[in-house]
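A.B. asks: Mind looking over this structure? Questions follow.
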Amino acid sequence: MKYERVRNFINGSFKDVASQRTLPVISPTDGSLLAEMPCSTAADVADAVQAAKAAFPKWSKTPIKERVQVFFRYKYLLEQYLQELAELISEENGKTMSEAIAEVEKCIELTEFATSLPQLISGEVLEVSAGVECRTAHVPLGVVASIVPFNFPAMVPNWTIPNAIALGNCMIIKPSEKVPLSLGVLARLLKEAGLPDGVLNIVNGDSEVVNAICDHPDIEAVSFVGSTKVAKIVYQRATQTLKRCLALGGAKNHLVVLPDAKPGMTAQNVAASMSGCAGQRCMAASAMIGVGEVDHIIDLVCEEVKKIIPGQNLGAVISKESKERIEKYITEAEAQGAKILVDGRGAKVSGKENGTYVGPTVIDHVTADMAVAKEEIFGPVISIMRTNTVDEALVIENANPYGNAASVFTQNGGMARYIAERASAGMIGVNVGVPVPREPFSFGGWNESKFGVGDITGRSSIEFWTKLKKSTTKWNPEEGVNWMS
Ligand code: NAD
């Protein structure tokens with residue numbers, strides 16, 4: 001085994017986990033066993049909460065301008081260890097090195113945003129009547145939790161760690177059991193950056209840890225990122241114990257392509273969006289709706305997709321089960337009459353025969369009732385549907401239960417606006433295949449792609465990680481002056 005047994009990070013130190021129940025951490029790139037990951041129990045969650053609770057009074061009273069100094073140092077450490085971290089991300093998740101480097105660069109951008117929080121959270125003061133002032137302050141919640149998925153082992157943790165902690169909270173974070181290694185490096189760097197013990201705690205495990213987090217009475221808020229199925233479970237369970245919860249779920253993102261779209265640029269965007277991170281992005285294009293005559297663009301999409309080679313510029317999917325599931329979707333669509341224009345089934349990478357690769361796949365003549373049109377595939381597959389009108393395309397887009405992202409490709413501004421206004425998604429792209437809003441804009445979908453109020457990153461995260469204190473003050477000595485005067 002390449003790495004030692006995964007340990008929790010509690011109160012500033014890496015700790016062995018007593019549980020003998022373990023799961024293997026397998027590299028999708030070659031199927032090798034990287035590490036053994038112990039499944040922590042509710043008792044381990046309780047230890048982490050105790051450490052976070054003990055750290056909270058001092059950390060929350062530390063002025064925010066001082067708290068963010070940790071994140072200035074952390075940002076420099078991320079830059080310094082970019083290569084090491086990217087190699088680990090690529091190894092445990094299966095994405096390519098250039099994707100892993102981009103992931104660390106995104107962690108840096110997220111951290112930069114956190115360092116701007118002192119400027120953003122200054123409250124408001126107003127003299128509401130003669131000599132009487134009202135003011136607001138953003139107050140940290142206490143111990144909070146973050147539960148993250150496998151597809152971005154470093155970026156998604158950095159959606160929550162810098163903002164929640166810079167805002168004065170202490171955190172328990174649970175990585176995906178499939179990719180627990182990168183988060184250990186992040187904890188090491190945060191400690192080196194001067195984060196006090198107990199402010200960040202990692203508890204490794206599976207659903208038992210998630211349930212214990214949702215149930216723990218001393219955790220004030222839970223953020224979750226993962227599949228819609230689990231997002232619903234977590235949202236219901238966490239709010240059952242009256243916690244604040246924001247649970248981001250899965251996605252089925254549609255690209256609407258109009259005949260006047262710039263062919264080359266559109267094809268490159270479609271190909272990059274459906275295949276980046278092997279399609280395992282909640283912002284990946286999963287369905288393309290061609291409106292009218294777009295065969296010339298579909299031909300170019302296929303040309304672009306054929307340049308994407310497993311093991312070279314296309315990473316592996318996370319597991320054998322994932323590969324089987326994705327290939328089953330393609331086979332089912334074919335059996336139902338769809339046409340496979342580029343077939344990624346059975347992909348093999350020489351020298352990495354045990355890697356779990358699926359080649360990029362283009363499925364044409366998909367109908368709206370097929371599973372590949374409706375369900376999240378989470379692989380490098382694009383399902384092409386065709387309509388005669390933009391309104392028919394919008395009916396398909398609006399009917400899907402998710403609502404993370406939708407994009408339109410056209411040179412007609414009025415049409416772009418018409419579609420952007422009517423697509424039922426939280427993040428819209430116009431001639432952009434992966435419309436992730438960059439900081440300071442916030443990230444979050446609609447419908448079954450998100451449960452709870454607000455977004456997880458950017459300015460919107462301030463509302464989630466803090467509560468408002470409203471104070472009314474009168475110092476003037478006159479009698480008869482009150483807050484209504
Ligand atoms: P997942 O839902 O299987 O797992 C996410 C987390 O939940 C993990 O930490 C896992 O241990 C835990 N978990 C799994 N099953 C559980 C259960 N039954 N009860 C309690 N906890 C459980 O998701 P994944 O496979 O790791 O990630 C892929 C999914 O995440 C995709 O659906 C993708 O769209 C979604 N995702 C969404 C966003 C977004 O911003 N909306 C971002 C990234 C990924």
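Chain labels run A, B, ... following the order of the structure tokens; each chain numbers its residues from 1, and ligands are numbered from 1 in the order shown.
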As a PyMOL selection string, please: the residues near Ile297 (chain A) (cut-off 8 Å, only C-alpha atoms, same-chain neighbours under 4 positions excluded).

C.D. replies: chain A and resi 263-264+266-267+301

A.B. asks: From a DSSP calculation on the backbone, collect every residue of region 242-337 of chain A in strand (DSSP E) and output the set as JSON, numbers by chain.

C.D. replies: {"A": [244, 245, 246, 247, 248, 253, 254, 255, 256, 257, 285, 286, 287, 288, 289, 290, 291]}

A.B. asks: Quick one: residues within 10 Å of region 107-121 of chain A, only C-alpha atoms, excluding same-chain residues fewer than 4 positions away - as a ChimeraX atom specification?

C.D. replies: /A:63-79,82,101-103,136-139,154-167,438-441,457-459,462-463,466

A.B. asks: Pick from A:Val225, A:Ala46, A:Val381, A:Val257: nearest to Ile172 (chain A), with only C-alpha atoms counted?

C.D. replies: A:Ala46

A.B. asks: Excluding same-chain residues fewer than 5 positions from Ile340 (chain A), what lies within 9 Å of it counting only C-alpha atoms, as JSON, numbers by chain?

C.D. replies: {"A": [330, 333, 334, 361, 362, 363, 364, 365]}

A.B. asks: Residues of the last selection are to be written out with N, CA and C atoms, as an mmCIF file, in the first residue's frame.

C.D. replies:
```cif
data_model
loop_
_atom_site.group_PDB
_atom_site.id
_atom_site.type_symbol
_atom_site.label_atom_id
_atom_site.label_comp_id
_atom_site.auth_asym_id
_atom_site.auth_seq_id
_atom_site.Cartn_x
_atom_site.Cartn_y
_atom_site.Cartn_z
ATOM 1 N N ILE A 330 -25.094 3.965 -21.962
ATOM 2 C CA ILE A 330 -24.845 4.084 -23.414
ATOM 3 C C ILE A 330 -25.498 2.903 -24.137
ATOM 4 N N ALA A 333 -29.295 3.282 -24.282
ATOM 5 C CA ALA A 333 -29.723 4.300 -25.250
ATOM 6 C C ALA A 333 -29.641 3.738 -26.666
ATOM 7 N N GLU A 334 -28.570 3.000 -26.927
ATOM 8 C CA GLU A 334 -28.396 2.394 -28.255
ATOM 9 C C GLU A 334 -29.546 1.422 -28.532
ATOM 10 N N THR A 361 -18.054 10.026 -25.228
ATOM 11 C CA THR A 361 -19.138 9.405 -25.986
ATOM 12 C C THR A 361 -20.163 10.442 -26.427
ATOM 13 N N VAL A 362 -20.502 10.399 -27.711
ATOM 14 C CA VAL A 362 -21.540 11.297 -28.236
ATOM 15 C C VAL A 362 -22.715 10.435 -28.689
ATOM 16 N N ILE A 363 -23.883 10.702 -28.099
ATOM 17 C CA ILE A 363 -25.086 9.931 -28.465
ATOM 18 C C ILE A 363 -26.062 10.893 -29.143
ATOM 19 N N ASP A 364 -26.405 10.577 -30.363
ATOM 20 C CA ASP A 364 -27.314 11.472 -31.118
ATOM 21 C C ASP A 364 -28.710 10.840 -31.197
ATOM 22 N N HIS A 365 -29.659 11.682 -31.612
ATOM 23 C CA HIS A 365 -31.054 11.247 -31.766
ATOM 24 C C HIS A 365 -31.598 10.626 -30.487
#
```

A.B. asks: Write out as a CSV table (one decimal) with C-alpha atoms, in the first residue's frame each polymer residue whose atoms come within 9 Å of Glu304 (chain A), counting only C-alpha atoms; drop sequence neighbours fewer than 3 positions from it.

C.D. replies:
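Full text of selection_37.csv as output:
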```csv
chain,number,residue,atom,x,y,z
A,267,ALA,CA,-17.9,22.5,-30.7
A,268,GLN,CA,-14.8,23.1,-28.5
A,270,VAL,CA,-19.4,21.3,-25.9
A,271,ALA,CA,-16.5,18.8,-26.0
A,272,ALA,CA,-14.6,20.4,-23.1
A,299,ASP,CA,-20.0,17.0,-36.9
A,300,LEU,CA,-17.5,19.4,-35.4
A,301,VAL,CA,-18.4,18.3,-31.9
A,307,LYS,CA,-9.2,14.4,-30.0
A,308,ILE,CA,-9.9,13.4,-26.4
```

A.B. asks: Would you list the residues that come within 6 Å of ligand 1? Count only C-alpha atoms and all ligand atoms and give the answer as a PyMOL selection string.

C.D. replies: chain A and resi 147-151+175-177+206-207+210+225-227+230+248-251+282+449

A.B. asks: Hey, what's within 9 Å of region 443-448 of chain A if we count only C-alpha atoms and toss same-chain stuff fewer than 5 positions away? As an MDAnalysis selection string, please?

C.D. replies: chainID A and resid 228 231:232 248:251 401:405 424:427 436:438 454:458 460

A.B. asks: Dump C-alpha atoms for the selected residues as a tab-separated table (two decimals), in the first residue's frame?

C.D. replies:
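Written out: selection.tsv:
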```tsv
chain	number	residue	atom	x	y	z
A	228	THR	CA	-29.43	14.67	-4.89
A	231	ALA	CA	-28.64	15.80	-0.29
A	232	LYS	CA	-32.30	15.12	0.49
A	248	LEU	CA	-26.18	20.84	-2.96
A	249	GLY	CA	-27.19	17.91	-5.13
A	250	GLY	CA	-26.69	16.45	-8.57
A	251	ALA	CA	-27.25	17.97	-11.98
A	401	PRO	CA	-35.80	18.00	-12.10
A	402	TYR	CA	-32.33	19.44	-11.58
A	403	GLY	CA	-31.35	23.08	-12.04
A	404	ASN	CA	-27.63	23.59	-11.66
A	405	ALA	CA	-26.62	25.06	-15.00
A	424	SER	CA	-34.80	26.79	-14.95
A	425	ALA	CA	-31.24	26.77	-13.62
A	426	GLY	CA	-29.27	28.74	-11.08
A	427	MET	CA	-26.20	29.25	-13.28
A	436	VAL	CA	-19.17	28.45	-12.98
A	437	PRO	CA	-19.47	31.93	-11.49
A	438	ARG	CA	-16.04	33.02	-10.27
A	454	GLY	CA	-28.60	30.96	-0.40
A	455	ASP	CA	-25.47	29.77	-2.16
A	456	ILE	CA	-22.39	28.01	-0.87
A	457	THR	CA	-19.59	30.33	-2.03
A	458	GLY	CA	-18.98	34.02	-2.66
A	460	SER	CA	-23.93	34.54	-0.40
```

A.B. asks: What gap, in Å, lies between CA of Ala238 (chain A) and CA of Ile89 (chain A)?

C.D. replies: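 Calculated distance between CA of Ala238 (chain A) and CA of Ile89 (chain A) is 29.4 Å.
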
A.B. asks: Using only C-alpha atoms, which residues sit within 7 Å of region 28-40 of chain A once same-chain residues fewer than 4 positions away are excluded, as a VMD selection string?

C.D. replies: chain A and resid 1 to 6 17 19 to 24 44 91 to 94 203 to 206 209 316 to 319 352 to 356
